[in-house]
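Novice: Dropping the structure in here first, questions after.
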Amino acid sequence: MAITIKPLADRVLIQPAKAEETTVTGIIIPDTAKEKPQKGKVVAVGPGTKDEPTTVKNGDTVLYGKYAGTEIRIEGDDYLIMRESDILAVI
């Protein structure tokens with residue numbers, strides 16, 4: 001599916017990774033206890049600001065702060081839109 005949203009300035013659209021369903025030992029985690037993922041894939045990038053172009057690109061896997069960004073839903077899929085400065089690392 002092609003994303004039709006084009007972020008402005010230094011904003012980035014990220015598709016969060018799925019939350020863990022089970023622990024390492026195999027215990028199933030209920031929906032109410034799942035932690036919000038802090039990792040995701042960049043699906044759209046804005047052009048940057050006049051002084052600073054964006055450094056991440058489509059397809060990068062990134063780490064971001066726990067409460068970073070704004071959650072949006074596009075055609076049934078969940079995404080986060082945030083400033084590039086909210087991204088902590090590219091992995």
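Convention: chains lettered A, B, ... in structure tokens order; per-chain residue numbering from 1; ligands numbered from 1 as shown.
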Determine, for each residue of segment 6-55 of chain A having at least one atom at most 7 Å from an atom of segment 72-83 of chain A, the closest pair of atoms and their separation in Å to one decimal, counting only C-alpha atoms; order by chain and ascending number, as CSV.

Specialist:
residue,atom,partner,partner_atom,distance
A:Asp10,CA,A:Arg83,CA,5.6
A:Arg11,CA,A:Arg83,CA,4.3
A:Val12,CA,A:Met82,CA,5.5
A:Leu13,CA,A:Ile81,CA,4.5
A:Ile14,CA,A:Leu80,CA,5.1
A:Gln15,CA,A:Tyr79,CA,4.7
A:Pro16,CA,A:Tyr79,CA,6.4

Novice: Which residues in chain A does DSSP call strand (DSSP E)? List them as a ChimeraX atom specification.

Specialist: /A:11-16,39-45,61-64,70-74,77-83,87-90

Novice: Distance atom CA of Lys18 of chain A-atom CA of Pro37 of chain A, one decimal place?

Specialist: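 Result for atom CA of Lys18 of chain A versus atom CA of Pro37 of chain A: 6.8 Å, one decimal.
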
Novice: Find the residues near Ile91 of chain A: any atom within 9 Å, counting only C-alpha atoms, skip ones fewer than 6 places away on the same chain, and give them as a list in words.

Specialist: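 Skipping anything fewer than 6 positions along the chain leaves Asp60, Thr61, Val62 and Leu63 of chain A.
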
Novice: Once you have the residues from the selection above, write them out as a PDB file, in the first residue's frame, restricted to N, CA and C atoms.

Specialist:
ATOM      1  N   ASP A  60      14.160   3.086   6.976  1.00  0.00           N
ATOM      2  CA  ASP A  60      15.008   3.015   8.170  1.00  0.00           C
ATOM      3  C   ASP A  60      14.199   2.472   9.345  1.00  0.00           C
ATOM      4  N   THR A  61      14.824   1.654  10.170  1.00  0.00           N
ATOM      5  CA  THR A  61      14.233   1.219  11.430  1.00  0.00           C
ATOM      6  C   THR A  61      14.810   2.112  12.511  1.00  0.00           C
ATOM      7  N   VAL A  62      13.928   2.726  13.300  1.00  0.00           N
ATOM      8  CA  VAL A  62      14.370   3.728  14.266  1.00  0.00           C
ATOM      9  C   VAL A  62      13.847   3.428  15.668  1.00  0.00           C
ATOM     10  N   LEU A  63      14.533   3.985  16.663  1.00  0.00           N
ATOM     11  CA  LEU A  63      14.083   3.961  18.049  1.00  0.00           C
ATOM     12  C   LEU A  63      13.634   5.365  18.401  1.00  0.00           C
TER      13      LEU A  63
END

Novice: Using only C-alpha atoms, can you tell me which of A:Tyr67, A:Ile29, A:Glu21, A:Leu8 comes closest to Ala44 of chain A?

Specialist: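 Checking each of A:Tyr67, A:Ile29, A:Glu21, A:Leu8 against Ala44 of chain A, counting only C-alpha atoms, the winner is A:Leu8.
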